[in-house]
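Single-structure report; data block below.
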Amino acid sequence: MNISDIIEKIKYKENLKFEKEIANLFNISPSDYSNRKQRSDSLIHLIVKWGIEKNVDLNWLIKGGREKEPRTAQKNTEGIEKRDTLTEAIIAIEEWLAESGTKITPEEKAHLIKKLVEKLKC
């Protein structure tokens, strides 16, 4: 899955039509967004951060699959679904990074994982 496909899913999820709306969603200027999109590696952090904040299935967002996002499973008190969701999200991110040749620093990766864990604690 390429960055354009991921952006199209975000547009679908947020009911957006224009690239400048995506820039606003990520709190960056349209020109900054355009530059980052050409270098896709600098957008992944913003995409994952948005997905975490919006409770989006990152596996669906990054790896592809169904056109519409699958329904989120109800989380039980033992946290099994939370752990499975975190595992799937990390695997999806790792696979996308490998397939796209995108490089992020270990600190950025750790930050994304930390955000996922914090989100799942809610």
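Residues are referred to by chain and number: the chain letter is A, B, ... according to the order shown in the structure tokens, the number counts from 1 in that chain, and ligands are numbered separately from 1 in the order shown.
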Exercise: A:Lys20 partners within 10 Å, only C-alpha atoms, chain neighbours under 6 positions left out, as number ranges by chain: A: 26, 28-31, 33-34
DSSP alpha helix (DSSP H) residues within stretch 24-57 of chain A, listed as a list in words: Asn24, Leu25, Pro30, Ser31, Asp32, Tyr33, Ser34, Asn35, Arg36, Lys37, Gln38, Ile44, His45, Leu46, Ile47, Val48, Lys49, Trp50, Gly51, Ile52 and Glu53 of chain A
Within 10 Å of A:His45 using only C-alpha atoms, minus same-chain residues under 5 positions, as a count of residues only: 8
Residue nearest A:Lys114 - candidates A:Lys49, A:Asp5, A:Asn24, A:Leu61, atoms counted: only C-alpha atoms: A:Lys49
Proximity to A:Lys13 - best of A:Leu97, A:Val56, A:Ile44, A:Ile90, only C-alpha atoms: A:Val56
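Nearest to A:Ala92 of all the residues A:Trp60, A:Asn2, A:Thr105, A:Glu118 is A:Trp60, counting only C-alpha atoms.
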Which of A:Ser4, A:Trp96, A:Gly101, A:Asp32 sits closest to A:Ile62 [using only C-alpha atoms]: A:Trp96
Close residues, stretch 46-48 of chain A itself excluded, 10 Å, only C-alpha atoms, min 3 positions apart in chain, as a PyMOL selection string: chain A and resi 3+6-7+10+25-28+41-43+51-54+56+58+61-62+89+93+112-113+115-116
With N, CA and C atoms kept, could you save the residues just selected as a compact mmCIF listing (two decimals), in the first residue's frame?
```
# COMPACT_ATOMS: atom_id res chain seq x y z
N ILE A 3 1.48 5.57 0.05
CA ILE A 3 1.03 6.68 0.88
C ILE A 3 -0.27 7.30 0.35
N ILE A 6 -3.23 5.34 1.54
CA ILE A 6 -3.48 5.61 2.96
C ILE A 6 -4.20 6.95 3.12
N ILE A 7 -3.74 7.96 2.38
CA ILE A 7 -4.36 9.28 2.44
C ILE A 7 -5.81 9.21 1.98
N ILE A 10 -7.87 8.04 4.79
CA ILE A 10 -8.06 9.10 5.78
C ILE A 10 -9.13 10.07 5.29
N LEU A 25 -5.77 18.78 8.90
CA LEU A 25 -5.99 17.69 9.85
C LEU A 25 -4.70 17.36 10.61
N PHE A 26 -3.58 17.41 9.90
CA PHE A 26 -2.27 17.12 10.51
C PHE A 26 -1.62 18.36 11.13
N ASN A 27 -2.33 19.49 11.08
CA ASN A 27 -1.81 20.75 11.63
C ASN A 27 -0.49 21.19 11.00
N ILE A 28 -0.41 21.04 9.68
CA ILE A 28 0.75 21.52 8.94
C ILE A 28 0.25 22.32 7.74
N ASP A 41 8.18 9.06 4.00
CA ASP A 41 8.68 8.67 5.31
C ASP A 41 8.37 9.69 6.39
N SER A 42 8.25 10.97 6.03
CA SER A 42 8.00 11.98 7.05
C SER A 42 6.51 12.16 7.33
N LEU A 43 5.66 11.46 6.61
CA LEU A 43 4.21 11.51 6.88
C LEU A 43 3.75 10.38 7.79
N GLY A 51 -4.19 8.20 13.47
CA GLY A 51 -4.91 6.94 13.64
C GLY A 51 -5.11 6.57 15.10
N ILE A 52 -4.08 6.81 15.89
CA ILE A 52 -4.17 6.51 17.32
C ILE A 52 -5.19 7.43 17.98
N GLU A 53 -5.10 8.71 17.67
CA GLU A 53 -6.02 9.69 18.28
C GLU A 53 -7.47 9.42 17.89
N LYS A 54 -7.69 8.95 16.67
CA LYS A 54 -9.05 8.70 16.18
C LYS A 54 -9.52 7.27 16.40
N VAL A 56 -8.48 4.53 15.00
CA VAL A 56 -8.64 3.88 13.70
C VAL A 56 -7.87 2.56 13.72
N LEU A 58 -5.30 0.56 12.65
CA LEU A 58 -4.08 0.85 11.90
C LEU A 58 -3.73 -0.27 10.93
N LEU A 61 -5.75 0.66 7.98
CA LEU A 61 -5.26 1.90 7.39
C LEU A 61 -3.97 1.69 6.61
N ILE A 62 -3.03 0.97 7.18
CA ILE A 62 -1.70 0.87 6.59
C ILE A 62 -1.55 -0.30 5.62
N ALA A 89 -1.23 -3.64 15.23
CA ALA A 89 -0.84 -2.30 14.80
C ALA A 89 0.67 -2.21 14.61
N ILE A 93 2.56 -1.53 11.06
CA ILE A 93 3.50 -0.43 10.89
C ILE A 93 4.84 -0.96 10.39
N LEU A 112 5.71 6.23 18.78
CA LEU A 112 4.46 5.72 18.20
C LEU A 112 3.92 4.55 19.03
N ILE A 113 4.79 3.66 19.43
CA ILE A 113 4.36 2.52 20.25
C ILE A 113 3.83 2.99 21.60
N LYS A 115 2.41 5.84 22.21
CA LYS A 115 1.09 6.43 21.97
C LYS A 115 0.04 5.33 21.82
N LEU A 116 0.38 4.24 21.12
CA LEU A 116 -0.55 3.12 20.99
C LEU A 116 -0.90 2.53 22.35
```
Atom CA of A:Leu86 to atom CA of A:Ala110, distance in Å rounded to a single decimal: 13.0 Å
Straight-line distance linking atom CA of A:Asn59 with atom CA of A:Glu88, stated in Å to one decimal: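 Interatomic distance here is 6.3 Å.
Atom CA of A:Gln38 is positioned 20.0 Å from atom CA of A:Leu16.
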